[in-house]
Structures are given as C-alpha cells and as structure tokens.
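Student: mmCIF, C-alpha atoms, saved as work01.cif, coming up:
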data_start
#
loop_
_atom_site.label_atom_id
_atom_site.label_comp_id
_atom_site.auth_asym_id
_atom_site.auth_seq_id
_atom_site.Cartn_x
_atom_site.Cartn_y
_atom_site.Cartn_z
CA MET X 7 -10.28 17.27 13.34
CA THR X 8 -9.45 17.60 9.67
CA ASP X 9 -12.14 18.52 7.16
CA ASP X 10 -10.89 15.66 4.97
CA LEU X 11 -11.97 12.96 7.41
CA LEU X 12 -15.43 12.01 8.66
CA ILE X 13 -15.44 10.32 12.06
CA SER X 14 -18.71 8.93 13.36
CA THR X 15 -20.33 6.02 15.16
CA ASP X 16 -23.22 3.81 14.13
CA GLY X 17 -24.27 2.06 17.29
CA HIS X 18 -21.28 -0.06 18.29
CA LEU X 19 -19.49 0.53 14.97
CA GLY X 20 -16.85 3.23 14.69
CA ARG X 21 -16.71 4.71 11.18
CA ILE X 22 -13.79 6.49 9.50
CA ALA X 23 -14.49 7.89 6.04
CA LEU X 24 -11.66 9.43 4.02
CA ASP X 25 -13.22 12.58 2.57
CA ARG X 26 -10.82 14.31 0.19
CA PRO X 27 -12.49 13.38 -3.11
CA ALA X 28 -10.66 15.88 -5.32
CA ALA X 29 -7.39 14.06 -4.50
CA ILE X 30 -8.99 10.58 -4.42
CA ASN X 31 -8.53 10.76 -0.66
CA ALA X 32 -4.72 11.13 -0.74
CA LEU X 33 -3.61 11.07 2.88
CA SER X 34 -2.54 14.40 4.33
CA LEU X 35 -0.74 14.54 7.66
CA SER X 36 -3.89 15.85 9.35
CA MET X 37 -5.89 12.90 8.00
CA ILE X 38 -3.29 10.47 9.31
CA GLU X 39 -3.29 12.12 12.73
CA GLY X 40 -7.09 12.11 12.77
CA ILE X 41 -7.24 8.39 12.01
CA LYS X 42 -4.78 7.63 14.79
CA ALA X 43 -6.71 9.76 17.28
CA ALA X 44 -10.00 8.05 16.42
CA LEU X 45 -8.53 4.56 16.70
CA LEU X 46 -6.84 5.33 20.00
CA GLY X 47 -10.07 6.82 21.34
CA TRP X 48 -12.08 3.73 20.43
CA ARG X 49 -9.46 1.17 21.43
CA ASP X 50 -10.51 1.07 25.09
CA ASP X 51 -14.10 2.19 24.59
CA PRO X 52 -16.40 -0.71 25.56
CA GLY X 53 -19.16 0.80 23.44
CA ILE X 54 -17.22 0.22 20.20
CA GLY X 55 -17.07 -3.36 18.97
CA ALA X 56 -15.50 -2.83 15.54
CA VAL X 57 -14.32 -0.07 13.17
CA LEU X 58 -15.09 0.42 9.48
CA PHE X 59 -12.98 2.35 6.94
CA GLU X 60 -14.46 3.76 3.74
CA GLY X 61 -13.49 6.32 1.10
CA ASN X 62 -15.79 9.12 -0.01
CA SER X 63 -14.58 9.52 -3.58
CA PRO X 64 -16.36 8.18 -6.64
CA LYS X 65 -12.97 7.25 -8.11
CA GLY X 66 -11.75 5.09 -5.29
CA PHE X 67 -10.92 4.37 -1.68
CA CYS X 68 -7.54 6.11 -1.52
CA SER X 69 -4.89 7.05 -4.08
CA GLY X 70 -2.06 6.94 -1.55
CA GLY X 71 -0.01 9.18 0.66
CA ASP X 72 0.40 12.86 -0.13
CA VAL X 73 3.82 12.47 -1.76
CA ARG X 74 3.48 15.85 -3.48
CA ALA X 75 3.48 17.49 -0.06
CA ALA X 76 6.41 15.32 1.07
CA ARG X 77 8.36 16.28 -2.04
CA ALA X 78 7.69 19.96 -1.42
CA LEU X 79 9.20 19.63 2.05
CA VAL X 80 12.31 17.95 0.64
CA VAL X 81 12.71 20.54 -2.14
CA ALA X 82 12.31 23.34 0.42
CA GLY X 83 15.30 21.97 2.32
CA THR X 84 13.32 20.51 5.22
CA PRO X 85 13.52 16.73 4.65
CA GLU X 86 13.15 16.16 8.37
CA LEU X 87 9.53 17.32 8.02
CA ALA X 88 9.01 14.72 5.32
CA ASP X 89 10.52 12.19 7.74
CA ALA X 90 7.89 13.21 10.30
CA TYR X 91 5.11 12.69 7.75
CA PHE X 92 6.28 9.17 6.93
CA ALA X 93 6.85 8.35 10.62
CA SER X 94 3.27 9.35 11.40
CA GLU X 95 1.89 7.37 8.47
CA TYR X 96 3.81 4.24 9.39
CA GLU X 97 2.70 4.53 13.02
CA MET X 98 -0.89 4.64 11.71
CA ASN X 99 -0.18 1.50 9.66
CA ARG X 100 1.21 -0.23 12.75
CA LEU X 101 -1.80 0.78 14.82
CA ILE X 102 -4.17 -0.64 12.20
CA ALA X 103 -2.19 -3.88 11.79
CA THR X 104 -2.05 -4.53 15.54
CA TYR X 105 -5.43 -3.12 16.60
CA PRO X 106 -7.14 -5.26 19.24
CA LYS X 107 -10.66 -4.82 17.82
CA PRO X 108 -11.90 -5.96 14.42
CA LEU X 109 -11.15 -3.48 11.62
CA ALA X 110 -13.03 -3.76 8.34
CA VAL X 111 -12.71 -1.83 5.10
CA LEU X 112 -15.32 -1.35 2.39
CA GLY X 113 -13.06 -0.39 -0.49
CA HIS X 114 -13.69 0.39 -4.13
CA GLY X 115 -11.97 1.80 -7.20
CA ILE X 116 -8.43 3.13 -6.86
CA THR X 117 -6.64 1.65 -3.86
CA MET X 118 -2.96 2.48 -4.14
CA GLY X 119 0.13 3.11 -2.03
CA GLY X 120 -0.96 4.52 1.30
CA GLY X 121 -4.49 3.34 0.55
CA ILE X 122 -3.24 -0.24 0.65
CA GLY X 123 -1.39 0.78 3.82
CA ILE X 124 -4.80 1.30 5.43
CA ALA X 125 -6.97 -1.29 3.71
CA GLY X 126 -4.36 -4.04 3.51
CA HIS X 127 -3.70 -4.08 7.25
CA CYS X 128 -7.38 -4.36 8.25
CA GLY X 129 -8.57 -7.73 9.45
CA PHE X 130 -11.61 -7.84 7.14
CA ARG X 131 -10.96 -6.43 3.67
CA PHE X 132 -13.93 -6.04 1.33
CA THR X 133 -13.46 -4.64 -2.15
CA GLN X 134 -15.62 -4.44 -5.27
CA PRO X 135 -15.39 -5.54 -8.91
CA GLY X 136 -13.56 -2.92 -10.91
CA ALA X 137 -11.21 -1.97 -8.08
CA ARG X 138 -7.61 -1.18 -9.06
CA PHE X 139 -4.78 -1.93 -6.64
CA ALA X 140 -1.18 -0.76 -7.13
CA MET X 141 2.04 0.11 -5.38
CA PRO X 142 3.40 2.56 -7.98
CA GLU X 143 6.28 3.95 -5.91
CA SER X 144 8.99 2.71 -8.26
CA ALA X 145 7.61 5.19 -10.83
CA ILE X 146 8.24 8.13 -8.49
CA GLY X 147 11.68 7.23 -7.15
CA PHE X 148 10.41 5.88 -3.83
CA PHE X 149 9.79 2.27 -2.71
CA GLY X 150 6.92 0.02 -1.67
CA ASP X 151 6.39 1.20 1.89
CA VAL X 152 3.53 1.39 4.46
CA GLY X 153 4.23 -2.16 5.61
CA VAL X 154 2.94 -3.68 2.37
CA ASN X 155 6.01 -5.88 2.21
CA ALA X 156 4.80 -7.61 5.39
CA ILE X 157 1.52 -8.47 3.67
CA LEU X 158 3.12 -9.56 0.40
CA ALA X 159 5.69 -11.67 2.26
CA LYS X 160 2.91 -14.26 2.55
CA ALA X 161 2.37 -14.35 -1.23
CA PRO X 162 4.52 -16.27 -3.72
CA LEU X 163 7.77 -14.34 -4.16
CA ASN X 164 7.49 -13.80 -7.92
CA ARG X 165 3.99 -12.40 -7.55
CA ALA X 166 5.09 -9.99 -4.84
CA LEU X 167 8.19 -8.80 -6.68
CA LEU X 168 6.47 -8.35 -10.05
CA PHE X 169 3.67 -6.36 -8.43
CA MET X 170 5.99 -4.12 -6.42
CA LEU X 171 8.78 -3.57 -8.95
CA SER X 172 6.54 -2.92 -11.95
CA GLY X 173 4.04 -0.72 -10.14
CA ALA X 174 1.36 -2.23 -12.38
CA SER X 175 -2.26 -1.87 -11.30
CA VAL X 176 -4.27 -5.06 -10.82
CA GLY X 177 -7.94 -5.86 -10.41
CA ALA X 178 -9.90 -7.21 -7.48
CA ALA X 179 -9.24 -10.88 -8.25
CA ASP X 180 -5.49 -10.30 -8.35
CA ALA X 181 -5.69 -8.28 -5.13
CA VAL X 182 -7.27 -11.30 -3.44
CA ALA X 183 -4.66 -13.63 -4.96
CA LEU X 184 -1.87 -11.36 -3.73
CA GLY X 185 -3.33 -11.24 -0.22
CA LEU X 186 -4.22 -7.54 -0.36
CA ALA X 187 -7.98 -8.12 -0.06
CA ASP X 188 -10.19 -10.89 1.28
CA ALA X 189 -13.56 -10.64 -0.44
CA VAL X 190 -15.20 -9.05 -3.48
CA VAL X 191 -18.75 -7.80 -2.92
CA ALA X 192 -21.32 -6.63 -5.44
CA PRO X 193 -21.81 -2.83 -5.45
CA GLU X 194 -25.55 -3.17 -4.88
CA ARG X 195 -24.81 -5.04 -1.65
CA VAL X 196 -22.63 -2.34 -0.10
CA ALA X 197 -25.37 -0.32 1.64
CA GLY X 198 -26.86 -3.45 3.20
CA LEU X 199 -23.45 -4.74 4.18
CA ARG X 200 -22.66 -1.47 5.90
CA ALA X 201 -25.79 -1.86 8.02
CA ASP X 202 -24.99 -5.49 8.72
CA LEU X 203 -21.50 -4.54 9.88
CA ALA X 204 -23.07 -2.21 12.43
CA GLY X 205 -25.09 -5.16 13.66
CA ALA X 206 -22.02 -7.37 13.77
CA ALA X 207 -20.18 -4.79 15.87
CA ALA X 208 -22.84 -5.23 18.55
CA ALA X 209 -22.50 -9.02 18.61
CA PRO X 210 -20.87 -10.78 21.57
CA GLU X 211 -18.01 -11.79 19.23
CA PRO X 212 -17.80 -9.08 16.54
CA ALA X 213 -14.93 -10.70 14.64
CA ALA X 214 -16.82 -13.96 14.21
CA ALA X 215 -19.94 -12.07 13.11
CA ILE X 216 -18.01 -10.06 10.52
CA GLY X 217 -16.35 -13.25 9.31
CA ARG X 218 -19.78 -14.77 8.67
CA LEU X 219 -20.79 -11.70 6.69
CA MET X 220 -17.64 -11.96 4.61
CA GLN X 221 -18.35 -15.57 3.81
CA ALA X 222 -21.97 -14.88 2.92
CA ASP X 223 -21.37 -11.76 0.81
CA SER X 224 -18.35 -12.76 -1.24
CA VAL X 225 -18.91 -13.04 -4.97
CA VAL X 226 -16.68 -15.05 -7.27
CA ALA X 227 -13.53 -12.98 -7.76
CA GLY X 228 -12.79 -14.52 -11.15
CA ALA X 229 -9.45 -15.07 -12.84
CA ALA X 230 -6.29 -13.35 -11.58
CA PRO X 231 -4.44 -12.57 -14.83
CA PHE X 232 -1.51 -10.68 -13.29
CA CYS X 233 -0.71 -13.48 -10.86
CA ALA X 234 -1.04 -16.03 -13.65
CA LEU X 235 1.63 -14.13 -15.58
CA ALA X 236 3.89 -13.87 -12.52
CA ASP X 237 3.63 -17.63 -12.11
CA LEU X 238 5.32 -18.05 -15.51
CA LEU X 239 8.60 -16.81 -14.03
CA PRO X 240 11.25 -19.36 -13.02
CA ALA X 241 10.74 -20.86 -9.59
CA GLU X 242 14.41 -20.29 -8.74
CA PRO X 243 14.48 -16.91 -7.00
CA ALA X 244 16.47 -14.09 -8.57
CA GLU X 245 19.43 -12.93 -6.51
CA SER X 246 19.38 -9.30 -7.61
CA PRO X 247 17.02 -6.74 -9.15
CA ALA X 248 18.92 -6.96 -12.44
CA GLU X 249 18.52 -10.74 -12.50
CA PHE X 250 14.81 -10.42 -11.83
CA VAL X 251 14.37 -7.81 -14.58
CA ALA X 252 16.21 -10.12 -16.98
CA ALA X 253 13.99 -13.05 -15.99
CA VAL X 254 10.87 -11.01 -16.72
CA ALA X 255 12.26 -9.93 -20.10
CA ALA X 256 12.90 -13.57 -21.02
CA VAL X 257 9.21 -14.54 -20.76
CA PRO X 258 7.41 -13.46 -23.97
CA ALA X 259 4.00 -13.29 -22.28
CA LEU X 260 5.39 -10.70 -19.85
CA GLY X 261 6.40 -8.29 -22.60
CA GLU X 262 4.07 -5.47 -21.52
CA ILE X 263 5.23 -5.64 -17.91
CA ALA X 264 8.86 -6.10 -18.97
CA ALA X 265 8.61 -2.80 -20.85
CA LEU X 266 7.65 -1.01 -17.62
CA LEU X 267 10.65 -2.08 -15.57
CA PRO X 268 13.36 -0.06 -17.40
CA THR X 269 11.22 3.07 -16.92
CA ARG X 270 11.31 2.71 -13.14
CA SER X 271 13.88 4.32 -10.86
CA PRO X 272 16.91 2.02 -10.55
CA GLY X 273 17.28 2.97 -6.90
CA SER X 274 13.63 2.15 -6.30
CA LEU X 275 14.05 -1.27 -7.88
CA VAL X 276 16.98 -2.00 -5.55
CA ALA X 277 15.15 -0.77 -2.44
CA THR X 278 11.92 -2.63 -3.21
CA PHE X 279 13.63 -5.89 -4.20
CA PHE X 280 15.72 -6.16 -1.05
CA ALA X 281 12.97 -4.83 1.24
CA GLN X 282 10.65 -7.63 0.12
CA HIS X 283 13.33 -10.22 0.83
CA ALA X 284 14.00 -8.65 4.23
CA ALA X 285 10.28 -8.72 5.09
CA ARG X 286 10.25 -12.45 4.39
CA ARG X 287 12.99 -12.91 6.95
CA LEU X 288 11.30 -10.64 9.50
CA MET X 289 7.69 -11.84 9.08
CA ASP X 290 6.66 -9.09 11.47
CA VAL X 291 4.75 -5.96 10.51
CA THR X 292 6.22 -3.74 13.23
CA ALA X 293 9.80 -4.63 12.26
CA THR X 294 8.94 -4.17 8.57
CA LEU X 295 7.53 -0.69 9.25
CA ALA X 296 10.70 0.21 11.16
CA MET X 297 12.66 -0.81 8.05
CA ASP X 298 10.30 1.29 5.94
CA LEU X 299 11.07 4.37 8.02
CA ARG X 300 14.82 3.86 7.67
CA LEU X 301 14.38 3.46 3.91
CA ALA X 302 12.06 6.46 3.62
CA ARG X 303 14.70 8.70 5.16
CA VAL X 304 17.21 7.54 2.55
CA MET X 305 14.90 7.45 -0.47
CA ALA X 306 13.26 10.84 0.12
CA ARG X 307 16.69 12.48 0.03
CA ARG X 308 17.78 10.84 -3.23
CA PRO X 309 17.27 12.98 -6.34
CA ASP X 310 14.98 10.36 -7.86
CA PHE X 311 12.19 11.11 -5.37
CA ALA X 312 11.90 14.81 -6.19
CA GLU X 313 12.33 14.06 -9.89
CA GLY X 314 9.87 11.17 -9.97
CA VAL X 315 7.09 13.03 -8.16
CA ARG X 316 7.72 16.02 -10.42
CA ALA X 317 7.39 13.94 -13.58
CA VAL X 318 4.33 11.97 -12.51
CA LEU X 319 2.35 14.28 -10.23
CA VAL X 320 3.59 17.87 -10.59
CA ASP X 321 4.53 18.60 -14.21
CA LYS X 322 2.97 15.31 -15.37
CA ASP X 323 5.30 14.96 -18.36
CA GLN X 324 5.86 11.28 -17.43
CA ALA X 325 9.52 11.64 -18.39
CA PRO X 326 11.67 11.37 -15.25
CA LYS X 327 15.45 11.54 -15.53
CA TRP X 328 16.81 9.05 -13.02
CA THR X 329 20.16 9.21 -11.20
CA PRO X 330 21.72 6.91 -12.28
CA ALA X 331 19.72 6.37 -15.46
CA THR X 332 19.83 2.55 -15.48
CA LEU X 333 20.40 -0.40 -13.18
CA ALA X 334 23.61 -1.19 -15.05
CA GLU X 335 25.01 2.24 -14.10
CA LEU X 336 24.10 1.95 -10.43
CA ASP X 337 27.19 2.02 -8.22
CA VAL X 338 26.98 -0.51 -5.41
CA GLU X 339 28.52 1.66 -2.70
CA ARG X 340 27.56 5.17 -3.82
CA ASP X 341 23.98 4.44 -4.89
CA ALA X 342 22.97 1.10 -3.39
CA GLY X 343 25.07 1.20 -0.21
CA PRO X 344 22.84 3.57 1.80
CA ILE X 345 19.75 1.70 0.61
CA LEU X 346 21.08 -1.70 1.61
CA ARG X 347 22.24 -0.40 5.00
CA ALA X 348 18.74 0.99 5.62
CA VAL X 349 17.20 -2.37 4.73
CA LYS X 350 19.55 -4.22 7.05
CA GLY X 351 19.12 -1.81 9.93
CA PRO X 352 21.18 -1.36 13.07
#
Spit out the file's structure as structure tokens when you get a sec.

Tutor:
Amino acid sequence: MTDDLLISTDGHLGRIALDRPAAINALSLSMIEGIKAALLGWRDDPGIGAVLFEGNSPKGFCSGGDVRAARALVVAGTPELADAYFASEYEMNRLIATYPKPLAVLGHGITMGGGIGIAGHCGFRFTQPGARFAMPESAIGFFGDVGVNAILAKAPLNRALLFMLSGASVGAADAVALGLADAVVAPERVAGLRADLAGAAAAPEPAAAIGRLMQADSVVAGAAPFCALADLLPAEPAESPAEFVAAVAAVPALGEIAALLPTRSPGSLVATFFAQHAARRLMDVTATLAMDLRLARVMARRPDFAEGVRAVLVDKDQAPKWTPATLAELDVERDAGPILRAVKGP
C-alpha cells in the first residue's frame, strides 16, 4: 500500500484518505491503484455499508492527477507508460461512478482535475465554504478528462463549456450549480458529520441514512456568480470552439473570462468542446471514460502537453508556446483530425 494513502475502517464505514499533503494530494499511480484495491476489497464485504473519501491536506481535497509524472514519461520517450497511468485513473473513476455501495466525500479547499474525478463521481458529495473547483487542463495542453464531461452533461451547456474551456476556478456554490457537488457543510460540523456517516453506514439502508444527513447538514450555498455569468451567453449553442470563444468575447460582463481563453491551448479547446458535446450524446459515464482514454493517448503525444505542463508546473513561467499558437491557425486535418477521430471513436 502506498504511503500517500490511508485506508481504514470505522465500524461499517470504509475510509480512504488521500495523504500526500505536499502535493495537495496529487494522485500518483500507486495512490490510484491503492484506491481501486480498497474499493474492490470492500465491494463484496458485508461488513462495509458505505465508503468515505477525504483529503489530508490543509490546502484541499486533491489538486488533480500527477501530470508532471505523466509528462516525464512522455518526454522520456515512453508515452505508453503515460497511457497506462491514465487508463488506471479512468478505471478508478469508472469504479467510483458505478460502485454498488454508497460513496461519500468530505471535500474542502482545492478540488481540481483528478480530484473532481474522485469527488464528482461519488453518490454523496459534501464540500465546504471556501472550496475551489476547477478543470484547468486547457492551460496545460490536455483536456477535461476523468469522466467529468459525463457529470457536466447534465448541466446547462454554456455553463459546462465555459467552466471546462476557461479552466477558471469556482467556489462551492458554483460547484453545486454545475452538478459537481451536492451539499455545503460548515467546517465546524465536519468532525460530527464524519462520526454520523459511520453510523449511517451501519443502518439497514445506508444510502437513505446518508441522504438524511445531507439534507440536515447542508448550509445555504449562496450565489453562484460563475454560472450567472455563463447564463448571459446566447441560448443558441455554438457550433465550434472558435464560435464559442467569440460569443464569450461579445459579452462585456465576461471580459475577465474572455481574456483567459486565448491563453489556452487551441488543441485543448477543440478536444474539450467536442468531448462535452459527445458526452451529451452518450449520457453514459463508462462510454465517456472510454472516449477520455482515446483522447488522452492523442493529447499526451501532442507538443502542447509537454509544453503546457512545463510552463505551469515545472518551470512555472506561465508562458507556454502552443502548437499552433492560435485557434485561427489550427489545421483541421493535421491538428484537429486526430482529436476529432478520438472523440468519435471506433
């Protein structure tokens, strides 16, 4: 078992705590494998009624997948090992999304990328005021993966696209409005709620008992300013990433978000835009994760992934040089063709 994961039981409650605080619990391959092993071990165990995820970092639940490690594998000339990392992560996401027992998460703080891939697929998703949710993959030359498109397919399209394409971070109220979380709980209630969840896991119907806790412990989430801005966009759906970017730029109130979009990888904007549309046709998390794996194999090999991770997480100069540099320069067959074929699938 990895040192970065704490697996325990509290009566009938299985507990998985991400424990890599220096990296805000970024998911290593060993952590992913450990989570899968724990869930598979408890799946048929009659002594476990429910499972709880938490993150042992003062800064947040989970900052995402370990894309620095994935980049290193690509740069070293072994992209197939990066493929294996993503395949394992997406299988973990699928296991969480389809788990036969109630899964709950007590999240807080930074919940991004692969962190949403865990928390977002749980059946009972508690977060706290001050949490920050984001899918920032367009800033590193990747795409919104981990099955998040399947979750956001249930949200209004403009909200989903603005969140995914911009990579902007949003608060707890917006996370609830986007469908990424269910309830906001006061920090002083967390310890008691944790104990109550252990009690609920022992109930004859654990899911119903956890549902009652969620209803009783929710605090008012408040306004959702990001979603309110997204709702200013035209109701007529954009037919391309470029059209969507232009629509955002045409709304004065969206100026700050509009300024982000040209800084994102053009290839990432294409992949994320069409993946969200595909997820709305699929409406199935397993099929969406299969699409994610096809896309990951394409996107990890594009120069933008190594360059984006370098600029944001390695050298941290925040000045990536994309290939091509802009959406207008993106060649449909050379640049977008492999991406669109991966979205469409076999």

Student: Name the closest residue to X:Thr294 among the candidates X:Pro106, X:Pro258, X:Gly153, X:Gly70; distances are taken between atoms, counting only C-alpha atoms.

Tutor: X:Gly153

Student: Please evaluate the PyMOL selection byres ((chain X and resi 290) around 10) against the displayed coordinates and give the resulting residues as a PyMOL selection string.

Tutor: chain X and resi 153+155-157+159+285-289+291-295

Student: Could you expand the PyMOL selection byres ((chain X and resi 275) around 12) into the explicit residues it covers here, written as number ranges by chain?

Tutor: X: 142-150, 167-173, 246-251, 266-274, 276-282, 305, 310, 328, 332-334, 336, 341-342, 345-346

Student: Using all atoms listed in the file, find the one residue out of X:Arg26, X:Arg74, X:Arg100, X:Arg340 that sits nearest to X:Val154.

Tutor: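 Counting all atoms listed in the file, the residue closest to X:Val154 is X:Arg100.
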
Student: Which residues, written as a PyMOL selection string, have at least one atom at most 7 Å from X:Met297, with all atoms listed in the file counted and residues fewer than 3 positions away on the same chain left out?

Tutor: chain X and resi 293-294+300-301+348-349+351

Student: Quick one: residues within 9 Å of X:Val225, only C-alpha atoms counted, chain neighbours fewer than 6 positions away excluded, as a list in words?

Tutor: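 Here the qualifying residues turn out to be Ala189, Val190, Val191 and Ala192 of chain X.
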
Student: What is the distance, in Å and to one decimal place, between atom CA of X:Ile41 and atom CA of X:Ile102?

Tutor: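 Atom CA of X:Ile102 lies at a distance of 9.5 Å from atom CA of X:Ile41.
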
Student: Here is a test: counting all atoms listed in the file, which residue of X:Lys65, X:Thr133, X:Gly20, X:Val73 is nearest to X:Ile116?

Tutor: X:Lys65

Student: Which of these residues is nearest to X:Ala215, using all atoms listed in the file: X:Ala110, X:Cys233, X:Val304, X:Leu45?

Tutor: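 Of X:Ala110, X:Cys233, X:Val304, X:Leu45, the one nearest X:Ala215, counting all atoms listed in the file, is X:Ala110.
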
Student: Measuring atom to atom with all atoms listed in the file, identify which of X:Pro210, X:Pro243, X:Gly55, X:Gly314 is nearest to X:Tyr105.

Tutor: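 Between X:Pro210, X:Pro243, X:Gly55, X:Gly314, the residue approaching X:Tyr105 most closely is X:Gly55.
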